[in-house]
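Participant: Take a look at the following structure, please.
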Amino acid sequence: MQPEEGVMQSRAQAMKALLELMSDQALIICNGFPSREAHKLCEREQNFYMIGSMGVAASIGLGLALAQPQKTVVVFDGDGNVLMGMGTLATIGALQPRNLIHVVFDNEVYGTTGNQPTYSRVVKLDHIAKSAGYVNVERVWEREDIIYEFKEMLGNTGPSFLLIKVNEQIEDADRVSIEPADMTKRFKTAVTP
Ligand SMILES: Cc1ncc(C[n+]2csc(CCOP(=O)(O)OP(=O)(O)O)c2C)c(N)n1
Ligand SMILES: [Mg+2]
């Protein structure tokens, strides 16, 4: 079933619902507006905002999940980012990090740079994740389903892939102002047991 525009959330609304369910999990956010919105909604030391480099949030999350198997690692990604770093889906499928939850906010555009369409409207990223070997894969768009599935994933063994179809609305949010070196330092401290 295809989502109707009316029931779709904005990415910020969907993000807020997820952030309210999170506690001490590490969170890696992809570049562009997803990072800006997460920073505005819930700035915390366990957040790593990938400023600038596109397509690499999931590989950072994978590395951390493998290095710290006791810690749950959540990645907030975008459809354009996933398409750019698609090889990472295979690496995650092959290495099976049990503690990784890969969330993709799929607005079917490169929203940050002016809404150029991506191929996620024809190429189903959740199907690719399933084929690659992610254990739990869900596609959602309504608020209650977003909450239900993310809760399930927080409690289950991964790797998990939550594709959230969102509309193109962008939250008015400033750039992340934290210096990358400072952010890396504080993140390392925050996620090291
Ligand atoms: C290698 C590279 N190419 C292009 C860009 C410019 N750029 C920054 S964010 C972005 C779009 C990201 O798309 P998506 O992951 O779907 O997130 P959205 O912008 O839709 O929130 C682009 C093209 C970049 N930062 N790096
Ligand atoms: Mg997008």
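So you can find residues: chains in the structure tokens are A, B, ... in the order shown, residues in each start at 1, and ligands are numbered from 1 in order.
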Which residues of chain A come within 7 Å of ligand 1, and for each one, what is the closest pair of atoms and their distance in Å to one decimal, counting only C-alpha atoms and all ligand atoms, sorted by chain and residue number, as a Markdown table?
Facilitator:
| residue | atom | partner | partner_atom_place_in_ligand_line | distance |
| --- | --- | --- | --- | --- |
| A:Cys30 | CA | ligand 1 | 15 (O) | 6.9 |
| A:Asn31 | CA | ligand 1 | 9 (S) | 5.6 |
| A:Gly32 | CA | ligand 1 | 9 (S) | 4.1 |
| A:Phe33 | CA | ligand 1 | 21 (O) | 5.0 |
| A:Pro34 | CA | ligand 1 | 21 (O) | 5.3 |
| A:Gly52 | CA | ligand 1 | 25 (N) | 4.7 |
| A:Ser53 | CA | ligand 1 | 26 (N) | 5.2 |
| A:Met54 | CA | ligand 1 | 26 (N) | 4.5 |
| A:Asp77 | CA | ligand 1 | 15 (O) | 6.2 |
| A:Gly78 | CA | ligand 1 | 15 (O) | 3.3 |
| A:Asp79 | CA | ligand 1 | 16 (O) | 4.1 |
| A:Gly80 | CA | ligand 1 | 16 (O) | 3.4 |
| A:Asn81 | CA | ligand 1 | 15 (O) | 3.8 |
| A:Val82 | CA | ligand 1 | 15 (O) | 6.6 |
| A:Asp106 | CA | ligand 1 | 16 (O) | 6.6 |
| A:Asn107 | CA | ligand 1 | 20 (O) | 5.9 |
| A:Glu108 | CA | ligand 1 | 16 (O) | 6.6 |
| A:Val109 | CA | ligand 1 | 20 (O) | 5.0 |
| A:Tyr110 | CA | ligand 1 | 13 (O) | 3.8 |
| A:Gly111 | CA | ligand 1 | 20 (O) | 3.5 |
| A:Thr112 | CA | ligand 1 | 19 (O) | 3.5 |
| A:Thr113 | CA | ligand 1 | 22 (C) | 5.5 |
Participant: I need the residues in range 10-148 of chain A that are helix (DSSP H, G or I) according to DSSP; give them as a CSV table (one decimal) with all heavy atoms, in the first residue's frame.
Facilitator:
chain,number,residue,atom,x,y,z
A,11,ARG,N,9.6,14.7,8.5
A,11,ARG,CA,10.7,14.0,9.1
A,11,ARG,C,10.9,14.4,10.5
A,11,ARG,O,11.2,13.6,11.4
A,11,ARG,CB,12.0,14.2,8.3
A,11,ARG,CG,13.2,13.5,8.9
A,11,ARG,CD,14.5,13.8,8.1
A,11,ARG,NE,14.6,15.2,7.9
A,11,ARG,CZ,14.8,15.7,6.7
A,11,ARG,NH1,15.1,14.9,5.6
A,11,ARG,NH2,14.9,17.0,6.5
A,12,ALA,N,10.7,15.7,10.8
A,12,ALA,CA,10.9,16.2,12.2
A,12,ALA,C,9.9,15.6,13.1
A,12,ALA,O,10.2,15.2,14.2
A,12,ALA,CB,10.8,17.7,12.2
A,13,GLN,N,8.7,15.4,12.6
A,13,GLN,CA,7.6,14.8,13.5
A,13,GLN,C,8.0,13.3,13.8
A,13,GLN,O,7.9,12.8,14.9
A,13,GLN,CB,6.3,14.8,12.8
A,13,GLN,CG,5.6,16.2,12.8
A,13,GLN,CD,4.4,16.2,11.9
A,13,GLN,OE1,4.3,15.6,10.8
A,13,GLN,NE2,3.3,16.9,12.4
A,14,ALA,N,8.4,12.6,12.7
A,14,ALA,CA,8.8,11.2,12.9
A,14,ALA,C,10.0,11.1,13.8
A,14,ALA,O,10.1,10.2,14.7
A,14,ALA,CB,9.1,10.6,11.5
A,15,MET,N,11.0,12.0,13.6
A,15,MET,CA,12.2,12.0,14.4
A,15,MET,C,11.9,12.2,15.9
A,15,MET,O,12.4,11.5,16.7
A,15,MET,CB,13.1,13.1,13.9
A,15,MET,CG,14.4,12.7,13.4
A,15,MET,SD,15.4,14.2,13.0
A,15,MET,CE,16.3,13.6,11.7
A,16,LYS,N,11.0,13.1,16.1
A,16,LYS,CA,10.6,13.4,17.5
A,16,LYS,C,10.0,12.2,18.2
A,16,LYS,O,10.4,11.9,19.3
A,16,LYS,CB,9.6,14.6,17.5
A,16,LYS,CG,9.4,15.2,18.8
A,16,LYS,CD,8.8,16.6,18.7
A,16,LYS,CE,8.5,17.2,20.0
A,16,LYS,NZ,7.2,16.7,20.6
A,17,ALA,N,9.2,11.5,17.4
A,17,ALA,CA,8.6,10.3,18.0
A,17,ALA,C,9.6,9.3,18.4
A,17,ALA,O,9.5,8.6,19.4
A,17,ALA,CB,7.6,9.7,17.0
A,18,LEU,N,10.6,9.1,17.5
A,18,LEU,CA,11.7,8.2,17.8
A,18,LEU,C,12.6,8.6,19.0
A,18,LEU,O,12.9,7.9,19.9
A,18,LEU,CB,12.6,8.0,16.6
A,18,LEU,CG,12.0,7.5,15.3
A,18,LEU,CD1,13.0,7.3,14.2
A,18,LEU,CD2,11.2,6.2,15.5
A,19,LEU,N,12.9,9.9,18.9
A,19,LEU,CA,13.8,10.4,20.0
A,19,LEU,C,13.2,10.3,21.4
A,19,LEU,O,13.9,10.1,22.4
A,19,LEU,CB,14.2,11.9,19.7
A,19,LEU,CG,15.1,12.1,18.5
A,19,LEU,CD1,15.1,13.5,18.0
A,19,LEU,CD2,16.5,11.7,18.9
A,33,PHE,N,19.9,18.2,6.2
A,33,PHE,CA,18.9,18.6,7.2
A,33,PHE,C,18.5,17.6,8.2
A,33,PHE,O,18.1,18.0,9.3
A,33,PHE,CB,17.6,19.1,6.4
A,33,PHE,CG,17.6,20.6,6.3
A,33,PHE,CD1,18.3,21.3,5.3
A,33,PHE,CD2,16.9,21.4,7.3
A,33,PHE,CE1,18.4,22.7,5.3
A,33,PHE,CE2,17.0,22.8,7.2
A,33,PHE,CZ,17.7,23.4,6.2
A,34,PRO,N,18.7,16.3,8.0
A,34,PRO,CA,18.4,15.4,9.1
A,34,PRO,C,19.3,15.7,10.3
A,34,PRO,O,18.8,15.7,11.4
A,34,PRO,CB,18.8,14.0,8.5
A,34,PRO,CG,18.5,14.1,7.0
A,34,PRO,CD,18.9,15.6,6.7
A,35,SER,N,20.6,16.0,10.1
A,35,SER,CA,21.4,16.4,11.3
A,35,SER,C,20.9,17.7,11.9
A,35,SER,O,20.9,17.9,13.1
A,35,SER,CB,22.9,16.6,10.8
A,35,SER,OG,23.6,15.4,11.1
A,36,ARG,N,20.6,18.7,11.1
A,36,ARG,CA,20.1,20.0,11.6
A,36,ARG,C,18.9,19.8,12.4
A,36,ARG,O,18.7,20.4,13.5
A,36,ARG,CB,19.9,21.0,10.4
A,36,ARG,CG,21.2,21.3,9.8
A,36,ARG,CD,21.0,22.0,8.4
A,36,ARG,NE,20.5,23.4,8.5
A,36,ARG,CZ,20.8,24.3,7.7
A,36,ARG,NH1,21.6,24.2,6.7
A,36,ARG,NH2,20.2,25.5,7.8
A,37,GLU,N,17.9,19.0,11.9
A,37,GLU,CA,16.7,18.8,12.7
A,37,GLU,C,16.9,18.0,14.0
A,37,GLU,O,16.4,18.4,15.0
A,37,GLU,CB,15.7,18.0,11.8
A,37,GLU,CG,15.2,18.9,10.6
A,37,GLU,CD,14.2,18.2,9.7
A,37,GLU,OE1,14.0,17.0,9.8
A,37,GLU,OE2,13.7,18.9,8.7
A,38,ALA,N,17.7,17.0,13.9
A,38,ALA,CA,18.0,16.2,15.1
A,38,ALA,C,18.7,17.1,16.2
A,38,ALA,O,18.4,17.0,17.4
A,38,ALA,CB,18.8,15.0,14.8
A,39,HIS,N,19.6,17.9,15.7
A,39,HIS,CA,20.3,18.8,16.6
A,39,HIS,C,19.3,19.8,17.3
A,39,HIS,O,19.4,20.1,18.5
A,39,HIS,CB,21.3,19.6,15.8
A,39,HIS,CG,22.1,20.6,16.6
A,39,HIS,ND1,21.9,21.9,16.5
A,39,HIS,CD2,23.1,20.4,17.5
A,39,HIS,CE1,22.7,22.6,17.3
A,39,HIS,NE2,23.5,21.7,17.9
A,40,LYS,N,18.3,20.3,16.5
A,40,LYS,CA,17.3,21.2,17.1
A,40,LYS,C,16.4,20.5,18.1
A,40,LYS,O,16.1,21.0,19.1
A,40,LYS,CB,16.5,21.8,15.9
A,40,LYS,CG,15.5,22.8,16.4
A,40,LYS,CD,14.7,23.4,15.3
A,40,LYS,CE,13.5,24.2,15.8
A,40,LYS,NZ,12.7,24.8,14.7
A,41,LEU,N,16.0,19.2,17.7
A,41,LEU,CA,15.0,18.5,18.5
A,41,LEU,C,15.6,17.9,19.8
A,41,LEU,O,14.9,17.9,20.8
A,41,LEU,CB,14.4,17.4,17.7
A,41,LEU,CG,13.5,17.8,16.5
A,41,LEU,CD1,13.2,16.5,15.7
A,41,LEU,CD2,12.2,18.3,17.1
A,57,ALA,N,26.9,7.6,7.1
A,57,ALA,CA,26.4,7.5,8.4
A,57,ALA,C,26.3,6.0,8.9
A,57,ALA,O,26.6,5.7,10.0
A,57,ALA,CB,25.1,8.2,8.6
A,58,ALA,N,25.8,5.2,8.0
A,58,ALA,CA,25.5,3.8,8.3
A,58,ALA,C,26.9,3.1,8.5
A,58,ALA,O,26.9,2.2,9.4
A,58,ALA,CB,24.7,3.1,7.2
A,59,SER,N,27.9,3.5,7.8
A,59,SER,CA,29.2,2.8,8.0
A,59,SER,C,29.8,3.2,9.3
A,59,SER,O,30.5,2.4,10.0
A,59,SER,CB,30.1,3.0,6.8
A,59,SER,OG,30.2,4.3,6.5
A,60,ILE,N,29.6,4.4,9.8
A,60,ILE,CA,30.1,4.8,11.1
A,60,ILE,C,29.3,4.1,12.2
A,60,ILE,O,29.9,3.5,13.1
A,60,ILE,CB,29.9,6.4,11.3
A,60,ILE,CG1,30.7,7.1,10.3
A,60,ILE,CG2,30.3,6.8,12.7
A,60,ILE,CD1,30.4,8.6,10.2
A,61,GLY,N,28.0,4.0,12.0
A,61,GLY,CA,27.2,3.2,12.9
A,61,GLY,C,27.6,1.7,13.0
A,61,GLY,O,27.6,1.1,14.0
A,62,LEU,N,27.9,1.2,11.8
A,62,LEU,CA,28.3,-0.2,11.8
A,62,LEU,C,29.6,-0.4,12.5
A,62,LEU,O,29.7,-1.4,13.4
A,62,LEU,CB,28.5,-0.7,10.3
A,62,LEU,CG,29.2,-2.0,10.1
A,62,LEU,CD1,28.3,-3.1,10.7
A,62,LEU,CD2,29.4,-2.2,8.6
A,63,GLY,N,30.5,0.5,12.3
A,63,GLY,CA,31.8,0.3,13.0
A,63,GLY,C,31.7,0.4,14.5
A,63,GLY,O,32.2,-0.4,15.3
A,64,LEU,N,30.8,1.3,15.0
A,64,LEU,CA,30.6,1.5,16.4
A,64,LEU,C,29.8,0.2,17.0
A,64,LEU,O,30.2,-0.3,18.0
A,64,LEU,CB,29.8,2.7,16.7
A,64,LEU,CG,29.5,3.0,18.2
A,64,LEU,CD1,30.8,3.1,19.0
A,64,LEU,CD2,28.7,4.3,18.3
A,65,ALA,N,28.9,-0.2,16.2
A,65,ALA,CA,28.1,-1.4,16.7
A,65,ALA,C,29.0,-2.6,16.8
A,65,ALA,O,28.8,-3.4,17.8
A,65,ALA,CB,26.9,-1.7,15.7
A,66,LEU,N,29.9,-2.8,15.9
A,66,LEU,CA,30.9,-3.9,16.0
A,66,LEU,C,31.8,-3.8,17.1
A,66,LEU,O,32.2,-4.7,17.8
A,66,LEU,CB,31.6,-4.1,14.7
A,66,LEU,CG,30.8,-4.5,13.4
A,66,LEU,CD1,31.7,-4.5,12.2
A,66,LEU,CD2,30.2,-5.9,13.6
A,67,ALA,N,32.3,-2.5,17.3
A,67,ALA,CA,33.3,-2.3,18.4
A,67,ALA,C,32.7,-2.4,19.8
A,67,ALA,O,33.3,-2.8,20.7
A,67,ALA,CB,33.9,-0.9,18.2
A,79,ASP,N,17.2,9.0,2.3
A,79,ASP,CA,17.2,8.1,1.1
A,79,ASP,C,18.4,8.4,0.2
A,79,ASP,O,19.0,7.5,-0.4
A,79,ASP,CB,15.9,8.2,0.4
A,79,ASP,CG,15.5,9.7,0.1
A,79,ASP,OD1,15.5,10.5,1.1
A,79,ASP,OD2,15.1,10.0,-1.0
A,80,GLY,N,18.7,9.7,0.0
A,80,GLY,CA,19.8,10.1,-0.9
A,80,GLY,C,21.1,9.5,-0.3
A,80,GLY,O,22.0,9.1,-1.1
A,81,ASN,N,21.3,9.6,1.0
A,81,ASN,CA,22.5,9.1,1.6
A,81,ASN,C,22.6,7.6,1.5
A,81,ASN,O,23.7,7.1,1.1
A,81,ASN,CB,22.4,9.5,3.1
A,81,ASN,CG,23.1,10.8,3.5
A,81,ASN,OD1,24.3,10.8,3.7
A,81,ASN,ND2,22.3,11.9,3.4
A,82,VAL,N,21.5,6.9,1.6
A,82,VAL,CA,21.6,5.4,1.5
A,82,VAL,C,21.9,5.1,0.0
A,82,VAL,O,22.8,4.2,-0.2
A,82,VAL,CB,20.2,4.8,1.9
A,82,VAL,CG1,20.2,3.3,1.5
A,82,VAL,CG2,20.0,4.9,3.4
A,83,LEU,N,21.3,5.8,-0.9
A,83,LEU,CA,21.6,5.5,-2.3
A,83,LEU,C,23.1,5.7,-2.6
A,83,LEU,O,23.7,5.0,-3.4
A,83,LEU,CB,20.7,6.3,-3.2
A,83,LEU,CG,19.3,5.9,-3.3
A,83,LEU,CD1,18.4,7.0,-3.8
A,83,LEU,CD2,19.1,4.6,-4.1
A,84,MET,N,23.7,6.7,-2.0
A,84,MET,CA,25.1,7.0,-2.2
A,84,MET,C,26.0,6.0,-1.6
A,84,MET,O,27.1,5.7,-2.2
A,84,MET,CB,25.4,8.4,-1.7
A,84,MET,CG,26.8,8.9,-2.0
A,84,MET,SD,27.1,10.6,-1.8
A,84,MET,CE,26.6,11.3,-3.3
A,87,GLY,N,26.6,0.2,-0.8
A,87,GLY,CA,27.4,-0.9,-0.5
A,87,GLY,C,27.4,-1.3,1.0
A,87,GLY,O,27.6,-2.4,1.4
A,88,THR,N,27.2,-0.3,1.8
A,88,THR,CA,27.1,-0.5,3.3
A,88,THR,C,26.0,-1.4,3.7
A,88,THR,O,26.1,-2.2,4.7
A,88,THR,CB,27.0,0.9,4.0
A,88,THR,OG1,28.0,1.7,3.6
A,88,THR,CG2,27.1,0.7,5.5
A,89,LEU,N,24.9,-1.4,2.9
A,89,LEU,CA,23.8,-2.3,3.2
A,89,LEU,C,24.3,-3.8,3.1
A,89,LEU,O,24.0,-4.6,4.0
A,89,LEU,CB,22.6,-2.1,2.3
A,89,LEU,CG,22.0,-0.7,2.3
A,89,LEU,CD1,20.7,-0.8,1.4
A,89,LEU,CD2,21.6,-0.3,3.7
A,90,ALA,N,25.1,-4.1,2.1
A,90,ALA,CA,25.6,-5.4,2.0
A,90,ALA,C,26.6,-5.8,3.1
A,90,ALA,O,26.6,-6.9,3.7
A,90,ALA,CB,26.4,-5.6,0.6
A,91,THR,N,27.4,-4.8,3.5
A,91,THR,CA,28.4,-5.0,4.6
A,91,THR,C,27.6,-5.3,5.9
A,91,THR,O,28.0,-6.2,6.6
A,91,THR,CB,29.3,-3.8,4.8
A,91,THR,OG1,29.8,-3.4,3.5
A,91,THR,CG2,30.5,-4.1,5.6
A,92,ILE,N,26.6,-4.5,6.1
A,92,ILE,CA,25.8,-4.8,7.4
A,92,ILE,C,25.1,-6.1,7.3
A,92,ILE,O,25.1,-6.9,8.3
A,92,ILE,CB,24.7,-3.6,7.5
A,92,ILE,CG1,25.5,-2.3,7.9
A,92,ILE,CG2,23.7,-4.0,8.6
A,92,ILE,CD1,24.6,-1.1,7.9
A,93,GLY,N,24.6,-6.5,6.1
A,93,GLY,CA,23.9,-7.8,6.0
A,93,GLY,C,24.9,-8.9,6.2
A,93,GLY,O,24.5,-9.9,6.8
A,94,ALA,N,26.1,-8.7,5.7
A,94,ALA,CA,27.1,-9.8,5.9
A,94,ALA,C,27.6,-9.9,7.3
A,94,ALA,O,27.8,-11.0,7.8
A,94,ALA,CB,28.3,-9.5,4.9
A,95,LEU,N,27.8,-8.8,8.0
A,95,LEU,CA,28.5,-8.8,9.3
A,95,LEU,C,27.5,-8.9,10.4
A,95,LEU,O,27.8,-9.2,11.6
A,95,LEU,CB,29.3,-7.6,9.5
A,95,LEU,CG,30.5,-7.4,8.5
A,95,LEU,CD1,31.3,-6.2,8.8
A,95,LEU,CD2,31.4,-8.7,8.5
A,111,GLY,N,16.4,16.5,-0.3
A,111,GLY,CA,15.7,17.7,0.2
A,111,GLY,C,16.7,18.9,0.6
A,111,GLY,O,16.3,20.0,0.3
A,112,THR,N,17.8,18.5,1.1
A,112,THR,CA,18.7,19.5,1.6
A,112,THR,C,19.2,20.4,0.5
A,112,THR,O,19.5,21.6,0.7
A,112,THR,CB,19.9,18.8,2.3
A,112,THR,OG1,19.4,18.0,3.3
A,112,THR,CG2,20.9,19.8,2.8
A,113,THR,N,19.3,19.9,-0.7
A,113,THR,CA,19.9,20.7,-1.8
A,113,THR,C,18.8,21.2,-2.8
A,113,THR,O,19.1,21.6,-3.9
A,113,THR,CB,20.9,19.9,-2.6
A,113,THR,OG1,20.4,18.6,-2.8
A,113,THR,CG2,22.2,19.8,-1.7
A,119,TYR,N,16.1,8.1,-6.6
A,119,TYR,CA,15.5,6.9,-7.2
A,119,TYR,C,14.7,6.1,-6.2
A,119,TYR,O,14.3,5.0,-6.5
A,119,TYR,CB,16.5,6.1,-7.9
A,119,TYR,CG,17.1,6.8,-9.1
A,119,TYR,CD1,18.4,6.9,-9.4
A,119,TYR,CD2,16.2,7.3,-10.1
A,119,TYR,CE1,18.9,7.6,-10.5
A,119,TYR,CE2,16.6,7.9,-11.2
A,119,TYR,CZ,18.0,8.1,-11.4
A,119,TYR,OH,18.4,8.7,-12.6
A,120,SER,N,14.6,6.6,-4.9
A,120,SER,CA,13.9,5.7,-3.9
A,120,SER,C,12.4,5.5,-4.2
A,120,SER,O,11.8,4.7,-3.6
A,120,SER,CB,14.1,6.3,-2.5
A,120,SER,OG,13.3,7.4,-2.3
A,121,ARG,N,11.9,6.4,-5.1
A,121,ARG,CA,10.5,6.1,-5.4
A,121,ARG,C,10.3,4.9,-6.3
A,121,ARG,O,9.2,4.4,-6.4
A,121,ARG,CB,9.8,7.4,-6.0
A,121,ARG,CG,10.2,7.9,-7.3
A,121,ARG,CD,9.6,9.2,-7.7
A,121,ARG,NE,10.0,10.2,-6.7
A,121,ARG,CZ,9.5,11.4,-6.6
A,121,ARG,NH1,8.6,11.8,-7.5
A,121,ARG,NH2,10.0,12.3,-5.7
A,125,LEU,N,14.2,0.7,-1.1
A,125,LEU,CA,15.4,0.5,-0.2
A,125,LEU,C,15.1,-0.6,0.8
A,125,LEU,O,16.1,-1.3,1.2
A,125,LEU,CB,15.7,1.8,0.4
A,125,LEU,CG,16.1,3.0,-0.5
A,125,LEU,CD1,16.4,4.3,0.2
A,125,LEU,CD2,17.3,2.6,-1.4
A,126,ASP,N,13.9,-0.7,1.3
A,126,ASP,CA,13.6,-1.8,2.3
A,126,ASP,C,13.8,-3.2,1.6
A,126,ASP,O,14.3,-4.1,2.3
A,126,ASP,CB,12.3,-1.6,2.9
A,126,ASP,CG,11.1,-1.4,1.9
A,126,ASP,OD1,11.4,-0.9,0.8
A,126,ASP,OD2,10.0,-1.8,2.2
A,127,HIS,N,13.4,-3.3,0.4
A,127,HIS,CA,13.6,-4.6,-0.3
A,127,HIS,C,15.1,-4.9,-0.4
A,127,HIS,O,15.5,-6.1,-0.3
A,127,HIS,CB,13.0,-4.6,-1.7
A,127,HIS,CG,11.5,-4.5,-1.7
A,127,HIS,ND1,10.7,-4.7,-2.8
A,127,HIS,CD2,10.6,-4.2,-0.7
A,127,HIS,CE1,9.4,-4.5,-2.5
A,127,HIS,NE2,9.4,-4.2,-1.2
A,128,ILE,N,15.9,-3.9,-0.7
A,128,ILE,CA,17.3,-4.1,-0.8
A,128,ILE,C,17.9,-4.5,0.5
A,128,ILE,O,18.7,-5.4,0.6
A,128,ILE,CB,18.0,-2.8,-1.4
A,128,ILE,CG1,17.5,-2.6,-2.8
A,128,ILE,CG2,19.5,-2.9,-1.3
A,128,ILE,CD1,18.0,-1.3,-3.5
A,129,ALA,N,17.5,-3.8,1.6
A,129,ALA,CA,18.0,-4.2,2.9
A,129,ALA,C,17.6,-5.6,3.3
A,129,ALA,O,18.4,-6.4,3.8
A,129,ALA,CB,17.4,-3.2,3.9
A,130,LYS,N,16.4,-6.0,3.0
A,130,LYS,CA,16.0,-7.4,3.2
A,130,LYS,C,16.8,-8.4,2.5
A,130,LYS,O,17.3,-9.4,3.1
A,130,LYS,CB,14.5,-7.5,2.8
A,130,LYS,CG,13.9,-8.8,3.2
A,130,LYS,CD,13.3,-8.8,4.6
A,130,LYS,CE,12.9,-10.1,5.2
A,130,LYS,NZ,12.8,-10.1,6.6
A,131,SER,N,17.0,-8.1,1.2
A,131,SER,CA,17.9,-9.0,0.4
A,131,SER,C,19.3,-9.1,0.9
A,131,SER,O,20.0,-10.1,0.8
A,131,SER,CB,17.9,-8.6,-1.1
A,131,SER,OG,16.6,-8.5,-1.6
A,132,ALA,N,19.8,-7.9,1.4
A,132,ALA,CA,21.2,-7.9,1.9
A,132,ALA,C,21.3,-8.7,3.2
A,132,ALA,O,22.5,-9.0,3.5
A,132,ALA,CB,21.6,-6.4,2.1
A,143,ARG,N,2.1,7.6,12.3
A,143,ARG,CA,2.8,7.8,13.6
A,143,ARG,C,2.8,6.6,14.5
A,143,ARG,O,3.8,6.2,15.0
A,143,ARG,CB,2.1,9.0,14.3
A,143,ARG,CG,2.8,9.4,15.6
A,143,ARG,CD,2.1,10.6,16.2
A,143,ARG,NE,2.4,10.5,17.7
A,143,ARG,CZ,3.5,10.9,18.3
A,143,ARG,NH1,4.4,11.4,17.5
A,143,ARG,NH2,3.6,10.8,19.5
A,144,GLU,N,1.6,6.0,14.6
A,144,GLU,CA,1.5,4.9,15.6
A,144,GLU,C,2.3,3.7,15.1
A,144,GLU,O,2.9,2.9,15.9
A,144,GLU,CB,0.1,4.5,15.9
A,144,GLU,CG,-0.8,4.1,14.7
A,144,GLU,CD,-2.3,4.1,15.0
A,144,GLU,OE1,-2.8,5.2,15.3
A,144,GLU,OE2,-2.9,3.0,14.9
A,145,ASP,N,2.4,3.5,13.8
A,145,ASP,CA,3.3,2.4,13.3
A,145,ASP,C,4.7,2.7,13.5
A,145,ASP,O,5.5,1.8,13.7
A,145,ASP,CB,3.0,2.1,11.8
A,145,ASP,CG,1.5,1.7,11.6
A,145,ASP,OD1,1.0,1.1,12.5
A,145,ASP,OD2,1.0,1.9,10.5
A,146,ILE,N,5.1,3.9,13.3
A,146,ILE,CA,6.5,4.3,13.5
A,146,ILE,C,6.9,4.0,14.9
A,146,ILE,O,8.0,3.4,15.2
A,146,ILE,CB,6.7,5.9,13.2
A,146,ILE,CG1,6.4,6.2,11.8
A,146,ILE,CG2,8.0,6.4,13.7
A,146,ILE,CD1,6.3,7.7,11.5
A,147,ILE,N,6.1,4.4,15.9
A,147,ILE,CA,6.4,4.1,17.3
A,147,ILE,C,6.4,2.6,17.6
A,147,ILE,O,7.3,2.1,18.2
A,147,ILE,CB,5.3,4.9,18.2
A,147,ILE,CG1,5.5,6.4,18.1
A,147,ILE,CG2,5.4,4.4,19.6
A,147,ILE,CD1,4.4,7.2,18.7
A,148,TYR,N,5.4,1.9,17.1
A,148,TYR,CA,5.3,0.5,17.4
A,148,TYR,C,6.6,-0.3,16.8
A,148,TYR,O,7.2,-1.0,17.6
A,148,TYR,CB,4.0,-0.1,16.7
A,148,TYR,CG,3.9,-1.6,17.0
A,148,TYR,CD1,3.4,-2.1,18.1
A,148,TYR,CD2,4.4,-2.5,16.0
A,148,TYR,CE1,3.3,-3.5,18.3
A,148,TYR,CE2,4.3,-3.9,16.2
A,148,TYR,CZ,3.8,-4.3,17.4
A,148,TYR,OH,3.7,-5.7,17.6
Participant: Using only C-alpha atoms for the distances, tell me which of A:Met86, A:Val140, A:Ala173, A:Ala26 is nearest to Pro193 in chain A.
Facilitator: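 Among the listed residues, the smallest separation from Pro193 in chain A belongs to A:Ala26.
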Participant: DSSP on the backbone: which residues in range 125-175 of chain A end up as strand (DSSP E or B)? Give the answer as number ranges by chain.
Facilitator: A: 136-140, 160-166
